[in-house]
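Next comes input_6.pdb, a file with PDB, C-alpha atoms and all ligand atoms.
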```
ATOM      1  CA  MET R   1      17.866  14.965 -26.417
ATOM      2  CA  ARG R   2      17.276  13.869 -30.001
ATOM      3  CA  GLN R   3      18.898  15.880 -32.777
ATOM      4  CA  ASP R   4      18.352  15.875 -36.493
ATOM      5  CA  PRO R   5      21.429  14.565 -38.267
ATOM      6  CA  VAL R   6      22.934  17.173 -40.583
ATOM      7  CA  GLY R   7      21.649  16.791 -44.129
ATOM      8  CA  THR R   8      18.154  15.690 -43.272
ATOM      9  CA  ARG R   9      17.301  18.945 -41.587
ATOM     10  CA  ARG R  10      14.284  20.275 -43.390
ATOM     11  CA  GLY R  11      12.268  23.437 -43.420
ATOM     12  CA  PHE R  12       9.526  24.959 -45.545
ATOM     13  CA  GLY R  13       7.329  21.886 -45.657
ATOM     14  CA  GLY R  14      10.071  19.269 -45.636
ATOM     15  CA  LEU R  15      12.410  20.718 -48.296
ATOM     16  CA  ARG R  16      16.174  20.414 -48.108
ATOM     17  CA  ILE R  17      16.922  24.108 -48.118
ATOM     18  CA  TRP R  18      20.671  23.741 -48.601
ATOM     19  CA  VAL R  19      20.030  21.855 -51.860
ATOM     20  CA  LEU R  20      17.866  24.712 -53.089
ATOM     21  CA  VAL R  21      20.529  27.234 -52.084
ATOM     22  CA  LEU R  22      23.245  25.341 -53.989
ATOM     23  CA  PHE R  23      21.091  25.112 -57.096
ATOM     24  CA  ALA R  24      20.177  28.783 -56.795
ATOM     25  CA  ILE R  25      23.876  29.684 -56.688
ATOM     26  CA  TYR R  26      24.510  27.524 -59.741
ATOM     27  CA  ALA R  27      21.528  28.997 -61.624
ATOM     28  CA  GLY R  28      22.660  32.509 -60.666
ATOM     29  CA  TYR R  29      26.172  31.798 -61.905
ATOM     30  CA  TYR R  30      24.840  30.292 -65.161
ATOM     31  CA  TRP R  31      22.558  33.274 -65.671
ATOM     32  CA  LEU R  32      25.179  35.946 -64.940
ATOM     33  CA  SER R  33      27.967  34.324 -66.953
ATOM     34  CA  ASN R  34      25.745  34.072 -70.058
ATOM     35  CA  ARG R  35      24.240  37.517 -69.831
ATOM     36  CA  SER R  36      25.001  40.155 -72.444
ATOM     37  CA  THR R  37      23.469  43.224 -74.056
ATOM     38  CA  ASP R  38      21.809  42.696 -77.406
ATOM     39  CA  ALA R  39      23.263  45.299 -79.750
ATOM     40  CA  LEU R  40      20.099  45.596 -81.854
ATOM     41  CA  THR R  41      17.625  46.155 -79.018
ATOM     42  CA  GLY R  42      19.929  47.482 -76.297
ATOM     43  CA  GLU R  43      18.266  45.015 -73.915
ATOM     44  CA  LYS R  44      19.889  42.462 -71.615
ATOM     45  CA  VAL R  45      19.679  38.897 -72.919
ATOM     46  CA  VAL R  46      20.804  35.517 -71.638
ATOM     47  CA  ILE R  47      22.258  33.246 -74.308
ATOM     48  CA  ASP R  48      24.200  30.142 -73.297
ATOM     49  CA  LYS R  49      27.692  30.851 -74.661
ATOM     50  CA  SER R  50      28.099  27.167 -75.531
ATOM     51  CA  ILE R  51      25.307  27.502 -78.142
ATOM     52  CA  SER R  52      26.958  28.980 -81.239
ATOM     53  CA  ALA R  53      25.142  30.501 -84.204
ATOM     54  CA  GLN R  54      26.459  27.498 -86.163
ATOM     55  CA  ASP R  55      24.828  25.038 -83.720
ATOM     56  CA  GLU R  56      21.571  26.942 -83.995
ATOM     57  CA  LYS R  57      21.824  26.937 -87.768
ATOM     58  CA  ALA R  58      22.356  23.158 -87.840
ATOM     59  CA  LEU R  59      19.266  22.642 -85.685
ATOM     60  CA  GLY R  60      17.305  25.041 -87.884
ATOM     61  CA  LEU R  61      18.304  23.226 -91.053
ATOM     62  CA  GLN R  62      17.353  19.860 -89.579
ATOM     63  CA  ALA R  63      13.936  21.150 -88.528
ATOM     64  CA  TYR R  64      13.418  22.756 -91.939
ATOM     65  CA  GLN R  65      14.153  19.551 -93.824
ATOM     66  CA  GLU R  66      11.717  17.669 -91.609
ATOM     67  CA  ILE R  67       8.996  20.250 -92.232
ATOM     68  CA  LEU R  68       9.594  20.212 -96.005
ATOM     69  CA  THR R  69       9.105  16.446 -96.118
ATOM     70  CA  LYS R  70       5.774  16.746 -94.290
ATOM     71  CA  GLU R  71       4.374  19.863 -95.969
ATOM     72  CA  GLN R  72       3.792  20.538 -99.624
ATOM     73  CA  PRO R  73       6.025  23.265-101.063
ATOM     74  CA  VAL R  74       4.413  25.327-103.828
ATOM     75  CA  ASP R  75       6.329  25.364-107.135
ATOM     76  CA  ARG R  76       8.944  28.132-106.946
ATOM     77  CA  SER R  77       7.995  29.579-110.309
ATOM     78  CA  THR R  78       4.368  30.409-109.398
ATOM     79  CA  PRO R  79       3.615  34.149-109.019
ATOM     80  CA  GLU R  80       2.836  33.769-105.292
ATOM     81  CA  ALA R  81       6.069  31.885-104.584
ATOM     82  CA  ARG R  82       8.072  34.423-106.589
ATOM     83  CA  GLU R  83       6.521  37.290-104.716
ATOM     84  CA  VAL R  84       7.482  35.795-101.358
ATOM     85  CA  GLN R  85      11.036  35.188-102.648
ATOM     86  CA  GLU R  86      11.264  38.806-103.779
ATOM     87  CA  VAL R  87      10.136  40.165-100.409
ATOM     88  CA  VAL R  88      12.726  38.020 -98.630
ATOM     89  CA  ARG R  89      15.447  39.022-101.100
ATOM     90  CA  ARG R  90      14.778  42.719-100.545
ATOM     91  CA  ILE R  91      14.581  42.492 -96.781
ATOM     92  CA  VAL R  92      17.742  40.382 -96.569
ATOM     93  CA  ALA R  93      19.601  42.954 -98.688
ATOM     94  CA  ARG R  94      18.904  45.654 -96.063
ATOM     95  CA  VAL R  95      19.748  43.570 -92.961
ATOM     96  CA  PRO R  96      23.408  44.690 -92.543
ATOM     97  CA  GLU R  97      22.652  48.436 -92.790
ATOM     98  CA  VAL R  98      19.606  48.302 -90.539
ATOM     99  CA  GLU R  99      21.532  46.289 -87.937
ATOM    100  CA  ASP R 100      24.396  48.781 -88.023
ATOM    101  CA  ALA R 101      21.993  51.698 -87.628
ATOM    102  CA  LEU R 102      20.153  50.114 -84.665
ATOM    103  CA  ALA R 103      23.365  49.006 -82.934
ATOM    104  CA  SER R 104      24.887  52.474 -83.258
ATOM    105  CA  GLU R 105      21.780  53.912 -81.540
ATOM    106  CA  HIS R 106      22.834  51.843 -78.513
ATOM    107  CA  GLY R 107      26.535  52.646 -78.927
ATOM    108  CA  LEU R 108      27.271  48.999 -79.794
ATOM    109  CA  GLN R 109      28.556  46.923 -82.710
ATOM    110  CA  ALA R 110      26.061  44.754 -84.592
ATOM    111  CA  PRO R 111      26.925  41.047 -84.280
ATOM    112  CA  HIS R 112      25.800  40.305 -87.872
ATOM    113  CA  VAL R 113      24.733  36.733 -87.262
ATOM    114  CA  GLU R 114      23.272  36.785 -90.784
ATOM    115  CA  LYS R 115      26.820  36.256 -92.089
ATOM    116  CA  THR R 116      26.446  32.617 -91.029
ATOM    117  CA  PHE R 117      22.986  32.266 -92.652
ATOM    118  CA  ASP R 118      22.059  30.489 -95.871
ATOM    119  CA  TRP R 119      18.766  32.143 -96.712
ATOM    120  CA  ASP R 120      16.009  30.194 -98.373
ATOM    121  CA  VAL R 121      12.233  30.529 -98.520
ATOM    122  CA  ASN R 122       9.472  28.138 -99.454
ATOM    123  CA  LEU R 123       5.761  28.749 -99.811
ATOM    124  CA  LEU R 124       3.931  25.790 -98.270
ATOM    125  CA  GLN R 125       0.464  24.650 -99.272
ATOM    126  CA  SER R 126      -1.477  24.806 -96.002
ATOM    127  CA  ASP R 127      -4.482  26.582 -94.514
ATOM    128  CA  GLN R 128      -2.454  27.693 -91.509
ATOM    129  CA  VAL R 129      -2.155  31.453 -91.108
ATOM    130  CA  ASN R 130       1.517  31.260 -90.373
ATOM    131  CA  ALA R 131       5.112  31.917 -91.379
ATOM    132  CA  PHE R 132       8.445  31.321 -89.683
ATOM    133  CA  CYS R 133      12.173  31.862 -90.081
ATOM    134  CA  LEU R 134      14.434  29.298 -88.413
ATOM    135  CA  PRO R 135      17.913  30.018 -87.080
ATOM    136  CA  GLY R 136      20.247  29.982 -90.080
ATOM    137  CA  GLY R 137      17.738  31.730 -92.348
ATOM    138  CA  LYS R 138      15.381  29.005 -93.545
ATOM    139  CA  ILE R 139      11.974  30.584 -94.068
ATOM    140  CA  ALA R 140       8.504  29.201 -94.731
ATOM    141  CA  VAL R 141       5.250  30.962 -95.556
ATOM    142  CA  TYR R 142       1.979  29.027 -95.455
ATOM    143  CA  THR R 143      -0.495  29.785 -98.234
ATOM    144  CA  GLY R 144      -3.137  30.390 -95.541
ATOM    145  CA  LEU R 145      -1.292  33.615 -94.736
ATOM    146  CA  LEU R 146      -1.748  35.100 -98.236
ATOM    147  CA  PRO R 147      -5.438  36.084 -97.914
ATOM    148  CA  VAL R 148      -4.752  37.596 -94.471
ATOM    149  CA  ALA R 149      -1.660  39.509 -95.593
ATOM    150  CA  GLN R 150      -3.596  40.740 -98.666
ATOM    151  CA  ASN R 151      -0.742  42.855-100.024
ATOM    152  CA  THR R 152       3.025  42.800-100.433
ATOM    153  CA  ASP R 153       3.635  45.504 -97.819
ATOM    154  CA  ALA R 154       1.852  43.477 -95.155
ATOM    155  CA  MET R 155       3.677  40.320 -96.267
ATOM    156  CA  ALA R 156       6.940  42.248 -95.819
ATOM    157  CA  VAL R 157       5.906  43.192 -92.272
ATOM    158  CA  VAL R 158       5.244  39.517 -91.424
ATOM    159  CA  LEU R 159       8.497  38.351 -93.029
ATOM    160  CA  GLY R 160      10.455  41.161 -91.371
ATOM    161  CA  HIS R 161       9.052  40.000 -88.016
ATOM    162  CA  GLU R 162       9.909  36.335 -88.614
ATOM    163  CA  ILE R 163      13.407  37.093 -89.944
ATOM    164  CA  SER R 164      13.986  39.273 -86.872
ATOM    165  CA  HIS R 165      13.371  36.323 -84.519
ATOM    166  CA  ALA R 166      16.287  34.543 -86.224
ATOM    167  CA  LEU R 167      18.543  37.632 -86.310
ATOM    168  CA  LEU R 168      17.904  38.299 -82.617
ATOM    169  CA  ARG R 169      18.770  34.671 -81.798
ATOM    170  CA  HIS R 170      15.495  34.095 -80.010
ATOM    171  CA  GLY R 171      15.903  30.336 -80.608
ATOM    172  CA  ALA R 172      19.136  30.271 -78.603
ATOM    173  CA  GLN R 173      17.511  32.411 -75.913
ATOM    174  CA  ARG R 174      14.653  29.925 -75.633
ATOM    175  CA  MET R 175      17.102  27.004 -75.368
ATOM    176  CA  THR R 176      18.896  28.884 -72.589
ATOM    177  CA  GLU R 177      15.602  29.474 -70.768
ATOM    178  CA  GLN R 178      14.821  25.764 -71.057
ATOM    179  CA  LYS R 179      18.170  24.966 -69.489
ATOM    180  CA  LEU R 180      17.407  27.312 -66.594
ATOM    181  CA  ALA R 181      13.994  25.688 -66.161
ATOM    182  CA  GLN R 182      15.708  22.271 -66.109
ATOM    183  CA  ILE R 183      18.077  23.469 -63.377
ATOM    184  CA  GLY R 184      14.968  24.546 -61.469
ATOM    185  CA  GLN R 185      13.320  21.149 -61.924
ATOM    186  CA  MET R 186      16.459  19.346 -60.810
ATOM    187  CA  ALA R 187      16.600  21.592 -57.753
ATOM    188  CA  GLY R 188      12.984  20.785 -56.998
ATOM    189  CA  ALA R 189      13.519  17.053 -57.313
ATOM    190  CA  ALA R 190      16.771  17.054 -55.312
ATOM    191  CA  SER R 191      15.324  19.131 -52.497
ATOM    192  CA  GLY R 192      12.372  16.797 -52.078
ATOM    193  CA  MET R 193       9.530  18.839 -53.574
ATOM    194  CA  ASP R 194       6.408  16.830 -54.208
ATOM    195  CA  GLN R 195       4.471  16.857 -57.480
ATOM    196  CA  GLN R 196       2.119  19.586 -56.361
ATOM    197  CA  GLN R 197       4.866  21.913 -55.134
ATOM    198  CA  MET R 198       6.717  21.430 -58.431
ATOM    199  CA  GLN R 199       3.602  22.235 -60.430
ATOM    200  CA  THR R 200       3.056  25.400 -58.411
ATOM    201  CA  VAL R 201       6.662  26.496 -58.956
ATOM    202  CA  MET R 202       6.468  25.799 -62.719
ATOM    203  CA  ALA R 203       3.177  27.705 -62.996
ATOM    204  CA  VAL R 204       4.712  30.697 -61.229
ATOM    205  CA  TYR R 205       7.721  30.405 -63.556
ATOM    206  CA  GLY R 206       5.415  30.297 -66.590
ATOM    207  CA  TYR R 207       3.437  33.393 -65.659
ATOM    208  CA  GLY R 208       6.250  35.296 -64.024
ATOM    209  CA  ARG R 209       9.060  34.651 -66.470
ATOM    210  CA  ALA R 210       8.412  32.493 -69.537
ATOM    211  CA  LEU R 211       5.296  34.278 -70.821
ATOM    212  CA  PRO R 212       6.493  37.871 -70.336
ATOM    213  CA  TYR R 213       9.800  36.805 -71.882
ATOM    214  CA  ALA R 214       8.064  35.393 -74.960
ATOM    215  CA  ARG R 215       6.015  38.583 -75.297
ATOM    216  CA  LYS R 216       9.135  40.712 -75.026
ATOM    217  CA  GLN R 217      10.659  38.724 -77.892
ATOM    218  CA  GLU R 218       7.554  39.391 -79.969
ATOM    219  CA  THR R 219       7.824  43.119 -79.326
ATOM    220  CA  GLN R 220      11.507  43.059 -80.300
ATOM    221  CA  ALA R 221      10.732  41.151 -83.510
ATOM    222  CA  ASP R 222       7.958  43.647 -84.286
ATOM    223  CA  GLU R 223      10.373  46.562 -83.987
ATOM    224  CA  LEU R 224      13.306  45.139 -85.944
ATOM    225  CA  GLY R 225      10.905  43.641 -88.490
ATOM    226  CA  LEU R 226       9.175  46.959 -89.075
ATOM    227  CA  MET R 227      12.518  48.727 -89.641
ATOM    228  CA  LEU R 228      13.607  45.991 -92.063
ATOM    229  CA  ALA R 229      10.367  46.127 -94.063
ATOM    230  CA  ALA R 230      10.568  49.919 -94.222
ATOM    231  CA  ALA R 231      14.243  49.894 -95.232
ATOM    232  CA  ALA R 232      13.366  47.406 -97.984
ATOM    233  CA  CYS R 233      10.976  50.064 -99.384
ATOM    234  CA  TYR R 234       7.733  48.539 -98.119
ATOM    235  CA  ASN R 235       5.063  50.631 -96.449
ATOM    236  CA  PRO R 236       5.348  50.088 -92.668
ATOM    237  CA  GLN R 237       1.926  51.613 -92.106
ATOM    238  CA  GLU R 238       0.396  48.418 -93.474
ATOM    239  CA  ALA R 239       1.465  46.803 -90.184
ATOM    240  CA  ILE R 240      -1.540  48.222 -88.324
ATOM    241  CA  PRO R 241      -4.355  46.829 -90.524
ATOM    242  CA  LEU R 242      -2.311  43.639 -90.927
ATOM    243  CA  TRP R 243      -2.258  42.886 -87.185
ATOM    244  CA  GLU R 244      -5.953  43.730 -86.989
ATOM    245  CA  ARG R 245      -6.663  41.134 -89.691
ATOM    246  CA  MET R 246      -4.253  38.709 -88.038
ATOM    247  CA  THR R 247      -6.056  39.006 -84.702
ATOM    248  CA  GLN R 248      -9.352  38.190 -86.391
ATOM    249  CA  ALA R 249      -7.875  35.338 -88.401
ATOM    250  CA  SER R 250      -6.133  33.763 -85.424
ATOM    251  CA  GLY R 251      -9.267  33.757 -83.288
ATOM    252  CA  GLY R 252      -9.008  29.964 -83.330
ATOM    253  CA  GLY R 253      -5.588  30.264 -81.737
ATOM    254  CA  GLN R 254      -3.737  27.910 -84.076
ATOM    255  CA  SER R 255      -1.275  30.365 -85.553
ATOM    256  CA  GLU R 256       2.108  31.457 -84.268
ATOM    257  CA  PHE R 257       0.631  34.891 -83.899
ATOM    258  CA  ALA R 258      -1.947  33.860 -81.338
ATOM    259  CA  SER R 259       0.174  32.077 -78.760
ATOM    260  CA  ASP R 260       2.464  34.000 -76.416
ATOM    261  CA  HIS R 261       1.701  37.104 -78.346
ATOM    262  CA  PRO R 262       1.197  40.517 -76.884
ATOM    263  CA  ASN R 263      -2.303  41.791 -76.349
ATOM    264  CA  PRO R 264      -3.388  42.974 -79.834
ATOM    265  CA  GLY R 265      -4.203  46.480 -78.581
ATOM    266  CA  THR R 266      -0.772  46.809 -76.956
ATOM    267  CA  ARG R 267       0.922  45.521 -80.083
ATOM    268  CA  ILE R 268      -0.833  48.048 -82.309
ATOM    269  CA  LYS R 269      -0.025  50.893 -79.902
ATOM    270  CA  ASN R 270       3.647  49.839 -79.936
ATOM    271  CA  LEU R 271       3.663  49.747 -83.721
ATOM    272  CA  GLN R 272       2.047  53.160 -83.966
ATOM    273  CA  ALA R 273       4.704  54.559 -81.652
ATOM    274  CA  LEU R 274       7.402  53.055 -83.898
ATOM    275  CA  MET R 275       5.936  54.473 -87.108
ATOM    276  CA  PRO R 276       7.915  57.768 -87.237
ATOM    277  CA  LYS R 277      11.155  55.817 -86.853
ATOM    278  CA  ALA R 278      10.070  53.279 -89.475
ATOM    279  CA  LEU R 279       9.289  56.077 -91.942
ATOM    280  CA  GLU R 280      12.673  57.619 -91.201
ATOM    281  CA  TYR R 281      14.352  54.260 -91.921
ATOM    282  CA  ARG R 282      12.419  54.026 -95.155
ATOM    283  CA  ALA R 283      13.592  57.479 -96.235
ATOM    284  CA  ARG R 284      17.160  56.612 -95.266
ATOM    285  CA  PHE R 285      17.605  53.082 -96.616
ATOM    286  CA  CYS R 286      15.028  52.506 -99.344
ATOM    287  CA  LYS R 287      17.046  52.407-102.566
ATOM    288  CA  GLN R 288      14.185  51.690-104.962
ATOM    289  CA  PRO R 289      10.471  52.371-104.818
ATOM    290  CA  ALA R 290       8.262  49.405-103.971
ATOM    291  CA  THR R 291       6.064  48.227-106.786
ATOM    292  CA  ALA R 292       2.404  48.635-105.999
ATOM    293  CA  ALA R 293       1.286  45.419-107.611
ATOM    294  CA  LEU R 294       1.857  42.045-106.000
ATOM    295  CA  MET R 295       2.188  40.028-109.139
ATOM    296  CA  PRO R 296       4.432  40.636-112.128
TER     297      PRO R 296
HETATM  298 ZN    ZN H 301       6.777  36.186 -83.518
END
```
Whole structure given in structure tokens:
Amino acid sequence: MRQDPVGTRRGFGGLRIWVLVLFAIYAGYYWLSNRSTDALTGEKVVIDKSISAQDEKALGLQAYQEILTKEQPVDRSTPEAREVQEVVRRIVARVPEVEDALASEHGLQAPHVEKTFDWDVNLLQSDQVNAFCLPGGKIAVYTGLLPVAQNTDAMAVVLGHEISHALLRHGAQRMTEQKLAQIGQMAGAASGMDQQQMQTVMAVYGYGRALPYARKQETQADELGLMLAAAACYNPQEAIPLWERMTQASGGGQSEFASDHPNPGTRIKNLQALMPKALEYRARFCKQPATAALMP
């Protein structure tokens, strides 16, 4: 009687199951050992403990310098550039208190990653309707965003959102997810998956995990960002018409706000639900009234 030698025994369409099991154990261990509760959102997150805020900051700075050499920064003394700087300055000033308040709602201590940040903001001459804040606090606003934002309150909502991605360490979370996906790909290759099986697995991963995960991060950045803008004395209610304009403007799909982003209707509903809390944060933390006019 012929027997399969151990190690070539295959099941499920010729896959080496034991290889998949070993990789699954490793992935499970990696996932569990890097899991923690985010103090600001109260939600479970997976951040590779070997990625420090300092590492993230170094990567952020490198990316920022590359972008600044390619794009055209607007002179810092122009009224538009000054306005953006002022919004960032005011939001950044409220970060520690807002983080403490949110963390205490979850019975946790705020990590205050902003202590490692060196904040900076540049307005970049570009038609893109976009803005970003890299890990470490380097921020860019594209001039294409100005006509969509229309007013300082809405600009504060956008900047609050972008700054929140950095404060919540979404960059490190994405790097961790990439590492998990790599473990999955290695498992696929080692267990003898063919191209088509791999593609199917990655597609399932994309829809089942990566996309919902990205949307969750957007919702988290919306919430923290709204509280920050409100605490910095801006009107959080401008968030609703802003996202309506943003949805129209990003119809072409080339802005950060179009990809991976929550369904616009869902986003607006979420923001409306957050409004009472945002107004409470404004009453509690706003130390000076916002000026109505954009320009000095
Ligand atoms: Zn975002």
### Message
Nearest residue to R:Gly160 out of R:Ala189, R:Val87, R:Leu108, R:Leu124, using all atoms listed in the file?
### Response
R:Val87
### Task
Would you kindly translate the PyMOL selection byres (((not hetatm)) within 12 of (chain H and resi 301)) into the concrete residues it picks from this file, as a PyMOL selection string?
chain R and resi 130-134+157-166+168+170-171+214-225+243+255-262+267
### Point-to-point distance in Å for atom CA of R:Glu66 and atom CA of R:Glu114
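Atom CA of R:Glu114 sits 22.4 Å away from atom CA of R:Glu66.
Residue nearest R:Arg169 within the list R:Leu32, R:Leu22, R:Leu102, R:Ile51: R:Ile51 [criterion: smallest interatomic distance, only C-alpha atoms].
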### Message
Assuming the chain letters and numbering stay as they are in my file, what does the PyMOL selection byres (((chain R and resi 123) around 9) and not hetatm) actually select? List them as a list in words.
### Response
Gln72, Pro73, Val74, Asp75, Arg76, Glu80, Ala81, Val84, Gln85, Val121, Asn122, Leu124, Gln125, Ile139, Ala140, Val141, Tyr142 and Thr143 of chain R
Output for the residues just chosen: C-alpha atoms as a CSV table (one decimal), keeping the file's coordinate frame:
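Saved as again34.csv:
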```csv
chain,number,residue,atom,x,y,z
R,72,GLN,CA,3.8,20.5,-99.6
R,73,PRO,CA,6.0,23.3,-101.1
R,74,VAL,CA,4.4,25.3,-103.8
R,75,ASP,CA,6.3,25.4,-107.1
R,76,ARG,CA,8.9,28.1,-106.9
R,80,GLU,CA,2.8,33.8,-105.3
R,81,ALA,CA,6.1,31.9,-104.6
R,84,VAL,CA,7.5,35.8,-101.4
R,85,GLN,CA,11.0,35.2,-102.6
R,121,VAL,CA,12.2,30.5,-98.5
R,122,ASN,CA,9.5,28.1,-99.5
R,124,LEU,CA,3.9,25.8,-98.3
R,125,GLN,CA,0.5,24.6,-99.3
R,139,ILE,CA,12.0,30.6,-94.1
R,140,ALA,CA,8.5,29.2,-94.7
R,141,VAL,CA,5.2,31.0,-95.6
R,142,TYR,CA,2.0,29.0,-95.5
R,143,THR,CA,-0.5,29.8,-98.2
```
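Residues matching the PyMOL selection byres (((chain R and resi 191-207) around 10) and not hetatm) in this structure come to Arg10, Gly13, Gly14, Leu15, Arg16, Ile17, Trp18, Val19, Leu20, Val21, Phe23, Ala181, Gly184, Gln185, Met186, Ala187, Gly188, Ala189, Ala190, Gly208, Arg209, Ala210, Leu211, Pro212 and Tyr213 of chain R.
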#### Entry: Nearest to R:Asp100, chosen from R:Gln62, R:Asp118, R:Thr266, R:Ala39, with only C-alpha atoms counted in the distances
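Closest to R:Asp100 of all the choices is R:Ala39.
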Starting from 4 Å padding per side, set up an axis-aligned box that covers all listed atoms of stretch 70-77 of chain R and hand over centre and edge lengths in Å, one decimal, as lines of an AutoDock Vina configuration file.
```
center_x = 6.4
center_y = 23.2
center_z = -102.3
size_x = 13.2
size_y = 20.8
size_z = 24.0
```
Quick one: residues within 10 Å of R:Lys115, only C-alpha atoms, excluding same-chain residues fewer than 2 positions away - as a compact mmCIF listing (two decimals) with C-alpha atoms, in the frame of the given file?
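New file around.txt:
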```txt
# COMPACT_ATOMS: atom_id res chain seq x y z
CA ALA R 53 25.14 30.50 -84.20
CA PRO R 96 23.41 44.69 -92.54
CA PRO R 111 26.92 41.05 -84.28
CA HIS R 112 25.80 40.30 -87.87
CA VAL R 113 24.73 36.73 -87.26
CA PHE R 117 22.99 32.27 -92.65
CA ASP R 118 22.06 30.49 -95.87
CA GLY R 136 20.25 29.98 -90.08
```
### Query
What is the distance between atom CA of R:Ala172 and atom CA of R:Thr69, in Å to one decimal?
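Distance between the two atoms: 24.5 Å.
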### Message
Just the number, please: distance in Å from atom CA of R:Ile47 to atom CA of R:Lys179, one decimal.
### Response
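Value for the atom CA of R:Ile47-atom CA of R:Lys179 distance: 10.4 Å.
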### Query
Can you tell me, as an MDAnalysis selection string, what residues are no more than 12 Å from R:Gly107 when counting all atoms listed in the file, ignoring any on the same chain fewer than 6 positions away?
chainID R and resid 37:42 100:101
### Task
Would you mind listing what lies within 9 Å of R:Leu228 as an NGL selection string, with all atoms listed in the file counted and same-chain residues fewer than 5 positions away left out?
:R and (91-92 or 94-95 or 98-99 or 156-157 or 160-161 or 164 or 223 or 233-234 or 278 or 281-282)
#### Entry: Which of R:Leu180, R:Val46, R:Gln128, R:Pro241 sits closest to R:Tyr26 [using only C-alpha atoms]
R:Leu180
### Which of R:Val88, R:Ala58, R:Leu226, R:Met246 sits closest to R:Thr116 [using all atoms listed in the file]
R:Ala58
## Note on the structure
If you count all atoms listed in the file, the residue of R:Ala93, R:Pro264, R:Gln272, R:Glu238 closest to R:Gln150 turns out to be R:Glu238
### Message
Applying 8 Å and only C-alpha atoms, which residues near R:Leu242 remain after dropping the ones on its own chain fewer than 6 positions away? List them as a list in words.
### Response
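Counting only C-alpha atoms, the residues come to Val148, Ala149 and Ala154 of chain R.
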